>>> print(open('coords-v8.cif').read())   # mmCIF, C-alpha atoms
data_coords
loop_
_atom_site.label_atom_id
_atom_site.label_comp_id
_atom_site.auth_asym_id
_atom_site.auth_seq_id
_atom_site.Cartn_x
_atom_site.Cartn_y
_atom_site.Cartn_z
CA MET A 10 -13.21 -18.00 -16.03
CA ILE A 11 -10.79 -15.35 -14.73
CA LYS A 12 -9.94 -14.33 -18.30
CA GLY A 13 -13.65 -13.97 -19.05
CA LEU A 14 -14.14 -11.74 -16.01
CA PHE A 15 -11.40 -9.33 -17.02
CA ALA A 16 -12.65 -9.21 -20.61
CA ASP A 17 -15.67 -7.35 -19.23
CA GLY A 18 -15.00 -3.60 -19.57
CA ILE A 19 -17.42 -2.60 -16.82
CA PHE A 20 -15.97 -5.22 -14.47
CA ARG A 21 -12.46 -3.87 -15.16
CA ARG A 22 -13.58 -0.29 -14.55
CA ILE A 23 -15.22 -1.21 -11.24
CA LEU A 24 -12.06 -3.04 -10.16
CA LYS A 25 -9.92 -0.07 -11.19
CA ASN A 26 -12.05 2.30 -9.13
CA PHE A 27 -12.10 -0.16 -6.25
CA SER A 28 -8.30 -0.47 -6.46
CA TRP A 29 -7.91 3.31 -6.17
CA LEU A 30 -10.16 3.38 -3.12
CA LEU A 31 -8.47 0.30 -1.63
CA ILE A 32 -5.02 1.89 -1.89
CA GLY A 33 -6.32 4.95 -0.07
CA GLN A 34 -8.07 2.73 2.47
CA ILE A 35 -4.89 0.77 3.22
CA PHE A 36 -3.07 3.97 4.14
CA THR A 37 -6.15 5.12 6.06
CA ALA A 38 -6.34 1.82 7.96
CA ILE A 39 -2.68 2.05 8.95
CA ALA A 40 -3.13 5.61 10.22
CA ASN A 41 -6.39 4.70 12.02
CA PHE A 42 -4.74 1.68 13.63
CA GLY A 43 -1.94 3.87 14.97
CA TYR A 44 -4.38 6.53 16.14
CA LEU A 45 -6.67 4.02 17.85
CA SER A 46 -3.79 2.19 19.51
CA LEU A 47 -2.18 5.37 20.86
CA THR A 48 -5.52 6.73 22.11
CA ALA A 49 -6.49 3.46 23.83
CA HIS A 50 -3.09 3.11 25.54
CA ARG A 51 -3.12 6.73 26.69
CA LEU A 52 -6.69 6.91 27.98
CA GLY A 53 -7.14 3.41 29.39
CA LEU A 54 -10.30 1.31 29.21
CA GLU A 55 -12.71 3.56 31.17
CA LEU A 56 -11.71 6.92 29.67
CA PHE A 57 -11.61 5.31 26.23
CA GLY A 58 -15.22 4.24 26.79
CA LEU A 59 -16.18 7.82 27.72
CA PHE A 60 -14.38 9.12 24.63
CA ILE A 61 -16.35 6.70 22.43
CA LEU A 62 -19.63 7.77 24.05
CA ALA A 63 -18.99 11.43 23.20
CA ARG A 64 -17.92 10.55 19.68
CA ALA A 65 -20.94 8.30 19.14
CA PHE A 66 -23.32 11.11 20.12
CA ILE A 67 -21.94 13.41 17.41
CA GLU A 68 -21.69 10.62 14.79
CA ILE A 69 -25.32 9.62 15.32
CA LEU A 70 -26.57 13.17 14.82
CA ILE A 71 -24.39 13.66 11.76
CA GLY A 72 -25.87 10.52 10.25
CA VAL A 73 -29.47 11.40 11.10
CA THR A 74 -29.46 15.08 10.10
CA THR A 75 -27.05 15.05 7.13
CA PHE A 76 -28.68 14.35 3.77
CA GLN A 77 -26.96 11.53 1.88
CA SER A 78 -27.53 13.49 -1.31
CA TRP A 79 -24.71 11.73 -3.20
CA GLN A 80 -27.01 8.72 -3.80
CA ALA A 81 -29.70 10.83 -5.46
CA PHE A 82 -27.04 12.85 -7.28
CA ILE A 83 -25.55 9.72 -8.90
CA ARG A 84 -28.96 8.17 -9.68
CA TYR A 85 -30.34 11.27 -11.47
CA GLY A 86 -26.99 12.62 -12.60
CA ALA A 87 -26.38 9.44 -14.64
CA VAL A 88 -29.70 10.01 -16.44
CA TYR A 89 -28.93 13.68 -17.14
CA LEU A 90 -25.48 12.78 -18.48
CA LYS A 91 -27.01 10.19 -20.79
CA GLU A 92 -29.53 12.79 -22.03
CA LYS A 93 -26.78 15.48 -22.16
CA ASN A 94 -29.10 17.73 -20.16
CA ARG A 95 -26.64 20.32 -18.82
CA ASP A 96 -29.26 22.61 -17.25
CA ALA A 97 -30.86 19.74 -15.31
CA LEU A 98 -27.44 18.64 -14.01
CA GLN A 99 -26.60 22.16 -12.85
CA HIS A 100 -29.97 22.42 -11.12
CA LEU A 101 -29.36 19.03 -9.46
CA ILE A 102 -26.05 20.33 -8.07
CA LYS A 103 -27.82 23.33 -6.54
CA VAL A 104 -30.66 21.30 -5.02
CA THR A 105 -28.45 18.67 -3.38
CA THR A 106 -26.01 21.33 -2.14
CA LEU A 107 -28.90 23.24 -0.53
CA LEU A 108 -30.05 20.02 1.17
CA ASP A 109 -26.49 19.50 2.48
CA ILE A 110 -26.45 23.01 3.98
CA LEU A 111 -29.88 22.64 5.60
CA GLY A 112 -28.93 19.28 7.09
CA SER A 113 -25.61 20.46 8.55
CA CYS A 114 -27.10 23.60 10.14
CA GLY A 115 -30.04 21.66 11.56
CA GLY A 116 -27.69 19.03 12.99
CA PHE A 117 -25.61 21.65 14.77
CA PHE A 118 -28.59 23.13 16.61
CA VAL A 119 -29.98 19.69 17.49
CA ALA A 120 -26.62 18.63 18.94
CA ILE A 121 -26.34 21.73 21.11
CA THR A 122 -29.86 21.17 22.42
CA LEU A 123 -29.66 17.42 23.06
CA ALA A 124 -26.20 17.21 24.68
CA PRO A 125 -27.41 17.99 28.26
CA PHE A 126 -30.24 15.43 28.04
CA VAL A 127 -28.03 12.65 26.65
CA GLY A 128 -25.27 13.56 29.09
CA SER A 129 -27.60 13.07 32.07
CA LEU A 130 -28.43 9.55 30.82
CA VAL A 131 -24.85 8.33 30.34
CA GLY A 132 -23.27 10.09 33.30
CA TRP A 133 -21.41 13.03 31.73
CA ASP A 134 -20.47 15.82 34.08
CA ALA A 135 -21.09 19.50 33.21
CA SER A 136 -17.56 19.92 31.83
CA THR A 137 -17.91 16.96 29.43
CA ILE A 138 -21.30 18.22 28.23
CA ARG A 139 -19.78 21.62 27.38
CA GLU A 140 -16.90 19.94 25.53
CA VAL A 141 -19.33 17.82 23.50
CA GLN A 142 -21.36 20.94 22.64
CA TRP A 143 -18.21 22.71 21.43
CA CYS A 144 -17.30 19.65 19.38
CA SER A 145 -20.73 19.78 17.72
CA VAL A 146 -19.42 22.62 15.54
CA LEU A 147 -18.20 19.74 13.36
CA MET A 148 -21.77 19.55 12.00
CA LEU A 149 -21.19 22.76 10.05
CA PHE A 150 -18.44 21.06 8.03
CA THR A 151 -20.52 18.07 6.91
CA LEU A 152 -21.14 19.43 3.40
CA GLY A 153 -19.29 16.75 1.44
CA SER A 154 -22.17 14.61 0.17
CA THR A 155 -22.75 16.40 -3.15
CA PRO A 156 -19.01 16.79 -3.85
CA MET A 157 -18.63 13.05 -3.17
CA GLY A 158 -21.39 12.30 -5.66
CA LEU A 159 -19.74 14.55 -8.24
CA LEU A 160 -16.39 12.79 -7.95
CA ARG A 161 -17.98 9.34 -8.22
CA LEU A 162 -20.25 10.24 -11.12
CA PHE A 163 -17.33 11.61 -13.14
CA ASP A 164 -15.08 8.65 -12.28
CA ARG A 165 -12.57 10.61 -10.17
CA PHE A 166 -11.87 7.76 -7.77
CA ASN A 167 -8.14 8.58 -7.75
CA TRP A 168 -8.93 11.89 -6.03
CA LEU A 169 -11.32 10.18 -3.63
CA ALA A 170 -8.58 7.70 -2.72
CA LEU A 171 -6.24 10.57 -1.86
CA GLN A 172 -8.93 12.53 -0.02
CA GLN A 173 -9.99 9.66 2.27
CA THR A 174 -6.50 9.60 3.83
CA VAL A 175 -6.83 13.21 5.02
CA PRO A 176 -8.86 12.67 8.24
CA ALA A 177 -6.95 9.52 9.24
CA PHE A 178 -3.50 11.10 9.02
CA THR A 179 -4.78 14.30 10.65
CA ARG A 180 -6.03 12.23 13.61
CA LEU A 181 -2.75 10.32 13.86
CA ALA A 182 -0.60 13.47 13.73
CA GLY A 183 -2.82 15.23 16.27
CA THR A 184 -2.70 12.25 18.66
CA ILE A 185 1.09 12.09 18.50
CA ILE A 186 1.25 15.81 19.34
CA ALA A 187 -1.26 15.36 22.21
CA LEU A 188 0.80 12.49 23.64
CA SER A 189 4.02 14.48 23.47
CA LEU A 190 2.34 17.37 25.32
CA GLU A 191 0.55 15.05 27.80
CA ALA A 192 -2.69 16.75 26.79
CA PRO A 193 -5.92 16.24 28.79
CA PHE A 194 -8.88 14.06 27.80
CA TRP A 195 -10.82 16.76 25.92
CA SER A 196 -7.85 17.25 23.54
CA TYR A 197 -8.52 13.84 21.97
CA LEU A 198 -12.10 14.88 21.25
CA PHE A 199 -10.86 18.10 19.62
CA ILE A 200 -8.39 16.13 17.47
CA TRP A 201 -11.17 13.88 16.19
CA VAL A 202 -13.42 16.87 15.42
CA PHE A 203 -10.66 18.76 13.63
CA ALA A 204 -9.80 15.72 11.50
CA GLU A 205 -13.44 15.21 10.48
CA ALA A 206 -13.73 18.93 9.65
CA MET A 207 -10.69 18.60 7.38
CA ASN A 208 -12.46 15.68 5.72
CA GLY A 209 -15.43 17.93 4.86
CA VAL A 210 -13.28 20.83 3.66
CA SER A 211 -11.14 18.62 1.40
CA LEU A 212 -14.23 17.02 -0.16
CA LEU A 213 -15.73 20.45 -0.84
CA PHE A 214 -12.54 21.62 -2.54
CA LEU A 215 -12.16 18.54 -4.77
CA GLY A 216 -15.86 18.35 -5.64
CA TRP A 217 -16.18 21.96 -6.78
CA ARG A 218 -12.84 21.68 -8.55
CA GLU A 219 -14.43 18.87 -10.60
CA VAL A 220 -17.51 21.03 -11.29
CA ARG A 221 -15.22 23.68 -12.75
CA ARG A 222 -13.20 21.06 -14.70
CA GLN A 223 -16.40 19.72 -16.29
CA GLY A 224 -17.36 23.28 -17.33
CA LEU A 225 -20.54 23.17 -15.25
CA LEU A 226 -19.87 26.56 -13.67
CA GLU A 227 -20.32 28.28 -17.04
CA GLY A 228 -23.80 29.73 -17.27
CA MET A 229 -24.74 28.45 -13.82
CA ASP A 230 -27.86 30.12 -12.43
CA TRP A 231 -26.83 30.94 -8.85
CA SER A 232 -30.32 31.71 -7.60
CA CYS A 233 -31.38 29.64 -4.63
CA PRO A 234 -33.73 26.83 -5.81
CA ASN A 235 -37.23 26.71 -4.37
CA LEU A 236 -37.49 23.24 -2.86
CA PHE A 237 -41.28 23.33 -3.13
CA THR A 238 -41.02 23.51 -6.94
CA VAL A 239 -38.34 20.82 -7.31
CA ASP A 240 -39.27 17.52 -8.97
CA ARG A 241 -41.12 15.57 -6.27
CA THR A 242 -39.61 12.29 -7.45
CA LEU A 243 -36.13 13.66 -6.77
CA LEU A 244 -37.10 14.99 -3.34
CA LYS A 245 -38.79 11.70 -2.46
CA PHE A 246 -35.68 9.80 -3.51
CA CYS A 247 -33.52 12.13 -1.38
CA LEU A 248 -35.81 11.75 1.63
CA VAL A 249 -36.07 7.96 1.38
CA SER A 250 -32.34 7.52 0.76
CA ASN A 251 -31.55 9.78 3.70
CA LEU A 252 -33.86 7.82 6.00
CA ASN A 253 -32.35 4.58 4.72
CA SER A 254 -28.80 5.83 5.33
CA SER A 255 -29.76 7.14 8.76
CA LEU A 256 -31.23 3.84 9.95
CA PRO A 257 -27.91 1.92 10.04
CA LEU A 258 -26.45 4.85 11.95
CA VAL A 259 -28.95 4.07 14.68
CA MET A 260 -26.60 1.16 15.30
CA THR A 261 -23.93 3.63 16.36
CA VAL A 262 -26.19 4.27 19.34
CA SER A 263 -24.86 0.98 20.72
CA PRO A 264 -22.18 2.63 22.92
CA LEU A 265 -24.82 4.92 24.44
CA ILE A 266 -27.19 2.01 25.17
CA ILE A 267 -24.35 -0.12 26.57
CA GLY A 268 -23.37 2.87 28.70
CA ILE A 269 -26.92 3.10 30.06
CA PHE A 270 -27.50 -0.63 30.72
CA ALA A 271 -23.93 -1.73 31.44
CA THR A 272 -20.67 0.13 32.21
CA PRO A 273 -18.00 2.26 30.44
CA VAL A 274 -15.76 -0.82 30.58
CA ALA A 275 -18.32 -2.76 28.51
CA VAL A 276 -18.47 0.18 26.09
CA GLY A 277 -14.68 0.03 25.67
CA LEU A 278 -14.71 -3.75 25.08
CA TYR A 279 -17.53 -3.50 22.54
CA ARG A 280 -15.84 -0.66 20.67
CA ALA A 281 -12.52 -2.51 20.61
CA GLY A 282 -14.17 -5.45 18.82
CA TYR A 283 -16.13 -3.08 16.60
CA GLU A 284 -13.09 -1.05 15.54
CA LEU A 285 -10.92 -4.07 14.73
CA ALA A 286 -13.73 -5.53 12.60
CA THR A 287 -13.71 -2.26 10.62
CA PRO A 288 -11.84 -3.67 7.56
CA LEU A 289 -14.94 -5.70 6.65
CA ARG A 290 -17.19 -2.65 6.76
CA GLU A 291 -14.69 -0.48 4.93
CA VAL A 292 -14.12 -2.97 2.10
CA ALA A 293 -17.88 -3.40 1.75
CA LEU A 294 -18.34 0.37 1.48
CA LEU A 295 -15.54 0.58 -1.10
CA PHE A 296 -17.42 -1.92 -3.26
CA THR A 297 -20.61 0.08 -2.78
CA HIS A 298 -18.92 3.29 -3.89
CA SER A 299 -17.26 1.57 -6.87
CA VAL A 300 -20.25 -0.45 -8.07
CA TYR A 301 -23.10 2.03 -7.58
CA PRO A 302 -22.16 4.54 -10.32
CA GLU A 303 -21.75 1.72 -12.87
CA LEU A 304 -25.07 0.13 -11.84
CA ALA A 305 -26.73 3.55 -12.17
CA HIS A 306 -25.37 3.91 -15.72
CA LEU A 307 -26.55 0.37 -16.63
CA SER A 308 -29.97 1.11 -15.14
CA SER A 309 -30.33 4.33 -17.17
CA ARG A 310 -29.70 2.22 -20.33
CA ASP A 311 -32.01 -0.70 -19.32
CA ARG A 312 -29.13 -3.19 -19.53
CA TRP A 313 -30.61 -5.52 -16.89
CA ARG A 314 -28.87 -8.77 -17.82
CA LYS A 315 -25.51 -7.04 -17.59
CA PHE A 316 -26.72 -5.48 -14.34
CA SER A 317 -27.50 -8.92 -12.87
CA ARG A 318 -24.16 -10.39 -13.95
CA ILE A 319 -22.23 -7.58 -12.27
CA VAL A 320 -24.14 -8.07 -9.00
CA LEU A 321 -23.59 -11.84 -9.11
CA LYS A 322 -19.86 -11.61 -9.84
CA PHE A 323 -19.14 -9.21 -7.03
CA SER A 324 -21.27 -11.14 -4.53
CA PHE A 325 -18.91 -14.12 -4.93
CA ILE A 326 -15.84 -11.88 -4.57
CA LEU A 327 -17.17 -10.30 -1.37
CA LYS A 328 -18.03 -13.67 0.20
CA GLY A 329 -14.53 -14.99 -0.48
CA PHE A 330 -12.91 -11.89 1.00
CA GLY A 331 -15.15 -12.07 4.07
CA LEU A 332 -14.19 -15.71 4.71
CA LEU A 333 -10.49 -14.82 4.46
CA LEU A 334 -10.82 -12.03 7.04
CA PHE A 335 -12.78 -14.36 9.36
CA LEU A 336 -9.96 -16.92 9.32
CA LEU A 337 -7.37 -14.20 9.95
CA GLY A 338 -9.41 -12.92 12.91
CA LEU A 339 -9.76 -16.45 14.29
CA TRP A 340 -6.00 -17.02 14.21
CA PHE A 341 -4.62 -13.60 15.10
CA GLY A 342 -7.49 -11.78 16.85
CA LYS A 343 -6.20 -12.11 20.42
CA ASP A 344 -2.68 -11.06 19.47
CA LEU A 345 -4.07 -8.09 17.57
CA LEU A 346 -6.09 -6.92 20.57
CA TYR A 347 -3.16 -7.40 22.93
CA TYR A 348 -0.54 -5.55 20.90
CA ALA A 349 -2.86 -2.91 19.46
CA MET A 350 -4.80 -1.89 22.54
CA GLY A 351 -3.34 -3.51 25.63
CA GLU A 352 -3.86 -6.58 27.83
CA ASP A 353 -7.20 -5.37 29.25
CA PHE A 354 -8.74 -5.39 25.76
CA VAL A 355 -8.04 -9.10 25.06
CA ALA A 356 -11.41 -9.79 26.73
CA ALA A 357 -13.00 -8.28 23.59
CA TYR A 358 -11.90 -11.29 21.44
CA ALA A 359 -15.32 -13.01 21.46
CA THR A 360 -17.02 -9.70 20.60
CA LEU A 361 -14.52 -9.19 17.77
CA MET A 362 -15.29 -12.58 16.19
CA VAL A 363 -19.05 -12.04 16.44
CA MET A 364 -18.62 -8.63 14.76
CA VAL A 365 -16.52 -10.21 11.99
CA VAL A 366 -19.28 -12.74 11.19
CA ALA A 367 -21.83 -9.91 11.27
CA GLY A 368 -19.56 -7.93 8.93
CA ILE A 369 -19.61 -10.73 6.34
CA PHE A 370 -23.41 -10.47 6.07
CA ASN A 371 -23.12 -6.67 5.98
CA MET A 372 -20.74 -6.95 3.02
CA GLY A 373 -23.53 -8.65 1.09
CA ASN A 374 -25.94 -5.86 2.03
CA CYS A 375 -23.48 -3.24 0.79
CA LEU A 376 -23.73 -4.77 -2.68
CA LEU A 377 -27.50 -5.39 -2.75
CA GLU A 378 -28.53 -1.94 -1.49
CA PRO A 379 -26.81 0.01 -4.30
CA ALA A 380 -28.50 -2.34 -6.77
CA LEU A 381 -31.89 -1.33 -5.37
CA PHE A 382 -30.94 2.36 -5.43
CA ALA A 383 -29.70 2.11 -9.01
CA MET A 384 -33.08 0.60 -9.97
CA GLY A 385 -34.79 3.59 -8.34
CA LEU A 386 -36.18 1.47 -5.49
CA PRO A 387 -34.71 2.93 -2.28
CA GLN A 388 -38.04 2.35 -0.53
CA ILE A 389 -37.42 -1.42 -0.52
CA SER A 390 -34.08 -0.97 1.20
CA LEU A 391 -35.72 1.42 3.67
CA ARG A 392 -38.37 -1.17 4.59
CA VAL A 393 -35.77 -3.90 5.05
CA ASN A 394 -33.59 -1.69 7.24
CA SER A 395 -36.61 -0.61 9.27
CA ILE A 396 -37.44 -4.23 10.04
CA ALA A 397 -33.83 -5.29 10.70
CA ILE A 398 -32.79 -2.29 12.79
CA LEU A 399 -35.92 -0.93 14.49
CA GLY A 400 -37.78 -4.22 14.75
CA ILE A 401 -34.89 -6.58 15.49
CA TYR A 402 -31.64 -4.79 16.39
CA LEU A 403 -32.77 -2.25 19.00
CA PRO A 404 -34.92 -4.66 21.08
CA MET A 405 -32.25 -7.37 20.89
CA LEU A 406 -29.53 -4.85 21.78
CA VAL A 407 -31.24 -3.91 25.04
CA ILE A 408 -32.12 -7.49 25.99
CA LEU A 409 -28.74 -9.04 25.10
CA THR A 410 -26.70 -6.17 26.54
CA ILE A 411 -28.44 -6.54 29.90
CA GLN A 412 -27.80 -10.30 29.80
CA PHE A 413 -24.31 -10.54 28.27
CA GLY A 414 -22.74 -7.05 28.16
CA ALA A 415 -20.44 -6.24 25.22
CA ILE A 416 -20.78 -9.59 23.45
CA GLY A 417 -24.57 -9.26 23.69
CA ALA A 418 -24.37 -6.07 21.63
CA GLY A 419 -22.28 -7.97 19.08
CA LEU A 420 -24.88 -10.76 18.87
CA ALA A 421 -27.63 -8.20 18.31
CA THR A 422 -25.62 -6.80 15.39
CA LEU A 423 -25.12 -10.28 13.90
CA ILE A 424 -28.84 -11.16 14.08
CA SER A 425 -29.80 -7.83 12.50
CA PHE A 426 -27.30 -8.05 9.61
CA PHE A 427 -28.28 -11.67 8.87
CA SER A 428 -31.96 -10.68 8.74
CA SER A 429 -31.40 -7.71 6.44
CA PHE A 430 -29.09 -9.72 4.14
CA THR A 431 -31.70 -12.48 3.74
CA LEU A 432 -34.53 -10.03 2.97
CA ASN A 433 -32.38 -7.92 0.61
CA THR A 434 -31.24 -11.00 -1.31
CA VAL A 435 -34.81 -12.19 -1.94
CA LEU A 436 -36.23 -8.76 -2.83
CA THR A 437 -33.32 -7.51 -4.98
CA TRP A 438 -33.22 -10.58 -7.22
CA GLN A 439 -37.00 -10.51 -7.46
CA GLN A 440 -36.84 -6.95 -8.80
CA ILE A 441 -33.99 -7.73 -11.21
CA ARG A 442 -35.98 -10.64 -12.68
CA LEU A 443 -39.03 -8.40 -13.07
CA LYS A 444 -36.92 -5.78 -14.92
CA ILE A 445 -35.54 -8.44 -17.27
CA LYS A 446 -39.02 -9.87 -18.00
CA LEU A 447 -40.45 -6.38 -18.61
CA LYS A 448 -37.72 -5.58 -21.12
CA GLN A 449 -38.34 -8.88 -22.90
CA ARG A 450 -42.07 -8.09 -23.18
CA VAL A 451 -41.33 -4.64 -24.60
CA ARG A 452 -39.07 -6.23 -27.23
CA GLU A 453 -41.70 -8.82 -28.14
CA LEU A 454 -44.38 -6.13 -28.51
CA SER A 455 -42.09 -4.01 -30.69
CA ARG A 456 -41.44 -7.04 -32.97
CA VAL A 457 -45.18 -7.72 -33.29
CA LYS A 458 -45.77 -4.10 -34.34
#
>>> encode(input="coords-v8.cif", output="structure tokens")
Amino acid sequence: MIKGLFADGIFRRILKNFSWLLIGQIFTAIANFGYLSLTAHRLGLELFGLFILARAFIEILIGVTTFQSWQAFIRYGAVYLKEKNRDALQHLIKVTTLLDILGSCGGFFVAITLAPFVGSLVGWDASTIREVQWCSVLMLFTLGSTPMGLLRLFDRFNWLALQQTVPAFTRLAGTIIALSLEAPFWSYLFIWVFAEAMNGVSLLFLGWREVRRQGLLEGMDWSCPNLFTVDRTLLKFCLVSNLNSSLPLVMTVSPLIIGIFATPVAVGLYRAGYELATPLREVALLFTHSVYPELAHLSSRDRWRKFSRIVLKFSFILKGFGLLLFLLGLWFGKDLLYYAMGEDFVAAYATLMVMVVAGIFNMGNCLLEPALFAMGLPQISLRVNSIAILGIYLPMLVILTIQFGAIGAGLATLISFFSSFTLNTVLTWQQIRLKIKLKQRVRELSRVK
């Protein structure tokens, strides 16, 4: 069985790309672990909670206002590559880059405007509000979506693996310097912002380097595209994919809601469990990034049986990996919390385990969603996420947080991920079967003729 798996060229290529990203992620995880541990020990539980609140505010707005144009770029870029349509690919680069710029500028102005209102809800003083507004300049550096799509489309996962270590090691180095200087609270916010800005700059550099390497700069028409004349199918895909990507980021509002209905201590406990469950989310995203380009290429060639086999194979791999991480968390979770973050954070153990179980269901979603996007059906994923997040997660988050604090927020996450995984499983396989049947009918009609 194993030999048969590795005889599959597409399977091997996905694993190769995943391996590149995993290597980068291992180094990133080590750096993030050191950064998180040092920050938590230095700030303590309450200040750490305040730090997470400020960070969550910026992360939410980045997610909501930044176009996830890489998804549309890969979906349509794969078609243009197959057709060898150079002009269409160059135009696609310009359109998605313009969307990135509009999103980042809009996000910056929204952040500046909303900071005082959000601050009054969660108890920020005037000084903290000003610091958060200054940190919102990060929005202007969130232009990496199109470059990310370029690197994935052209199979440059080795460069992506190197690039993803940049923000993590920048954060770690900055935190070590801040500790040595006994820097104040706002310094840790500045370090996080600077590291994320470096992430955007490095992606821009590598992405446009790849554009030049592919010879796509030659004969490029540098006029600004008129978005009103762009293919409406492309714009609709961009809009739906952006809404779909923004919905899960609503879940990053959890620290703000916990801060409103509970305490900064509860925020710190929730975030401790959330952060240490990160490997599940990160591995799931690595599979998404590795599988999606290949699924897009298979979709552009109508190879639906191969498409279904790839989805099925990786679903079993993800489930096995998720079970392994659950057992590791069960055995070593308390020790990890104690040594990584301090004795006060051991109380987050139950939240950690709930988040790990939720993460296993999320891993399944991170395979099914790219399958829907590759089939050109982002609207299905959007509907599922709307039900799971707006209809289930947010109401449950408020109710369970009031009742149970940090672990209640974890339970709300688990219920939401389980719901979305169940719906995505049913709808994705339904669509795959329809694609296979349609192709069979086309073949039968062509034989009759």
>>> closest_residue(input="coords-v8.cif", among="A:Asn208, A:Ser154, A:Asn167, A:Thr410", to="Ile269 in chain A", atoms="all atoms listed in the file")
A:Thr410
>>> closest_atom_pairs(input="coords-v8.cif", of="range 57-108 of chain A", to="range 188-196 of chain A", cutoff="10 Å", atoms="only C-alpha atoms", output="CSV")
residue,atom,partner,partner_atom,distance
A:Phe57,CA,A:Phe194,CA,9.3
A:Leu59,CA,A:Phe194,CA,9.6
A:Phe60,CA,A:Phe194,CA,8.0
>>> atom_distance(input="coords-v8.cif", atom1="CA of Tyr197 in chain A", atom2="CA of Thr184 in chain A")
6.9 Å
>>> residues_around(input="coords-v8.cif", residues="Leu256 in chain A", least_positions_apart="5", cutoff="10 Å", atoms="all atoms listed in the file", output="list in words")
Ile69, Gly72, Val73, Ser250, Asn251, Thr261, Leu391, Asn394, Ser395, Ala397, Ile398 and Leu399 of chain A
>>> resolve_selection(input="coords-v8.cif", expression="the PyMOL selection byres ((chain A and resi 145) around 8)", output="mmCIF file with C-alpha atoms, in the coordinates of the input")
data_model
loop_
_atom_site.group_PDB
_atom_site.id
_atom_site.type_symbol
_atom_site.label_atom_id
_atom_site.label_comp_id
_atom_site.auth_asym_id
_atom_site.auth_seq_id
_atom_site.Cartn_x
_atom_site.Cartn_y
_atom_site.Cartn_z
ATOM 1 C CA ILE A 67 -21.940 13.410 17.410
ATOM 2 C CA PHE A 117 -25.610 21.650 14.770
ATOM 3 C CA ALA A 120 -26.620 18.630 18.940
ATOM 4 C CA ILE A 121 -26.340 21.730 21.110
ATOM 5 C CA VAL A 141 -19.330 17.820 23.500
ATOM 6 C CA GLN A 142 -21.360 20.940 22.640
ATOM 7 C CA TRP A 143 -18.210 22.710 21.430
ATOM 8 C CA CYS A 144 -17.300 19.650 19.380
ATOM 9 C CA VAL A 146 -19.420 22.620 15.540
ATOM 10 C CA LEU A 147 -18.200 19.740 13.360
ATOM 11 C CA MET A 148 -21.770 19.550 12.000
#
>>> resolve_selection(input="coords-v8.cif", expression="the PyMOL selection byres ((chain A and resi 365) around 9)", output="list in words")
Gly282, Tyr283, Leu285, Ala286, Thr287, Leu289, Gly331, Leu334, Phe335, Gly338, Thr360, Leu361, Met362, Val363, Met364, Val366, Ala367, Gly368, Ile369 and Leu423 of chain A
>>> atom_distance(input="coords-v8.cif", atom1="CA of Lys245 in chain A", atom2="CA of Cys375 in chain A")
21.6 Å
>>> resolve_selection(input="coords-v8.cif", expression="the PyMOL selection byres ((chain A and resi 387) around 12)", output="JSON list (two decimals) with C-alpha atoms, in the coordinates of the input")
[["chain", "number", "residue", "atom", "x", "y", "z"],
["A", 80, "GLN", "CA", -27.01, 8.72, -3.80],
["A", 81, "ALA", "CA", -29.70, 10.83, -5.46],
["A", 84, "ARG", "CA", -28.96, 8.17, -9.68],
["A", 242, "THR", "CA", -39.61, 12.29, -7.45],
["A", 243, "LEU", "CA", -36.13, 13.66, -6.77],
["A", 245, "LYS", "CA", -38.79, 11.70, -2.46],
["A", 246, "PHE", "CA", -35.68, 9.80, -3.51],
["A", 247, "CYS", "CA", -33.52, 12.13, -1.38],
["A", 248, "LEU", "CA", -35.81, 11.75, 1.63],
["A", 249, "VAL", "CA", -36.07, 7.96, 1.38],
["A", 250, "SER", "CA", -32.34, 7.52, 0.76],
["A", 251, "ASN", "CA", -31.55, 9.78, 3.70],
["A", 252, "LEU", "CA", -33.86, 7.82, 6.00],
["A", 253, "ASN", "CA", -32.35, 4.58, 4.72],
["A", 254, "SER", "CA", -28.80, 5.83, 5.33],
["A", 377, "LEU", "CA", -27.50, -5.39, -2.75],
["A", 378, "GLU", "CA", -28.53, -1.94, -1.49],
["A", 379, "PRO", "CA", -26.81, 0.01, -4.30],
["A", 380, "ALA", "CA", -28.50, -2.34, -6.77],
["A", 381, "LEU", "CA", -31.89, -1.33, -5.37],
["A", 382, "PHE", "CA", -30.94, 2.36, -5.43],
["A", 383, "ALA", "CA", -29.70, 2.11, -9.01],
["A", 384, "MET", "CA", -33.08, 0.60, -9.97],
["A", 385, "GLY", "CA", -34.79, 3.59, -8.34],
["A", 386, "LEU", "CA", -36.18, 1.47, -5.49],
["A", 388, "GLN", "CA", -38.04, 2.35, -0.53],
["A", 389, "ILE", "CA", -37.42, -1.42, -0.52],
["A", 390, "SER", "CA", -34.08, -0.97, 1.20],
["A", 391, "LEU", "CA", -35.72, 1.42, 3.67],
["A", 392, "ARG", "CA", -38.37, -1.17, 4.59],
["A", 393, "VAL", "CA", -35.77, -3.90, 5.05],
["A", 394, "ASN", "CA", -33.59, -1.69, 7.24],
["A", 433, "ASN", "CA", -32.38, -7.92, 0.61],
["A", 436, "LEU", "CA", -36.23, -8.76, -2.83],
["A", 437, "THR", "CA", -33.32, -7.51, -4.98]]
>>> closest_residue(input="coords-v8.cif", among="A:Ser113, A:Asn41, A:Ser299, A:Asn235", to="Thr75 in chain A", atoms="only C-alpha atoms")
A:Ser113
>>> decode(input="coords-v8.cif", residues="range 98-103 of chain A", atoms="C-alpha atoms", output="CSV table (one decimal), in the first residue's frame")
chain,number,residue,atom,x,y,z
A,98,LEU,CA,-1.5,35.7,-16.4
A,99,GLN,CA,0.1,39.1,-16.4
A,100,HIS,CA,-3.3,40.8,-16.2
A,101,LEU,CA,-4.2,38.5,-13.3
A,102,ILE,CA,-1.0,39.6,-11.4
A,103,LYS,CA,-2.0,43.2,-11.8
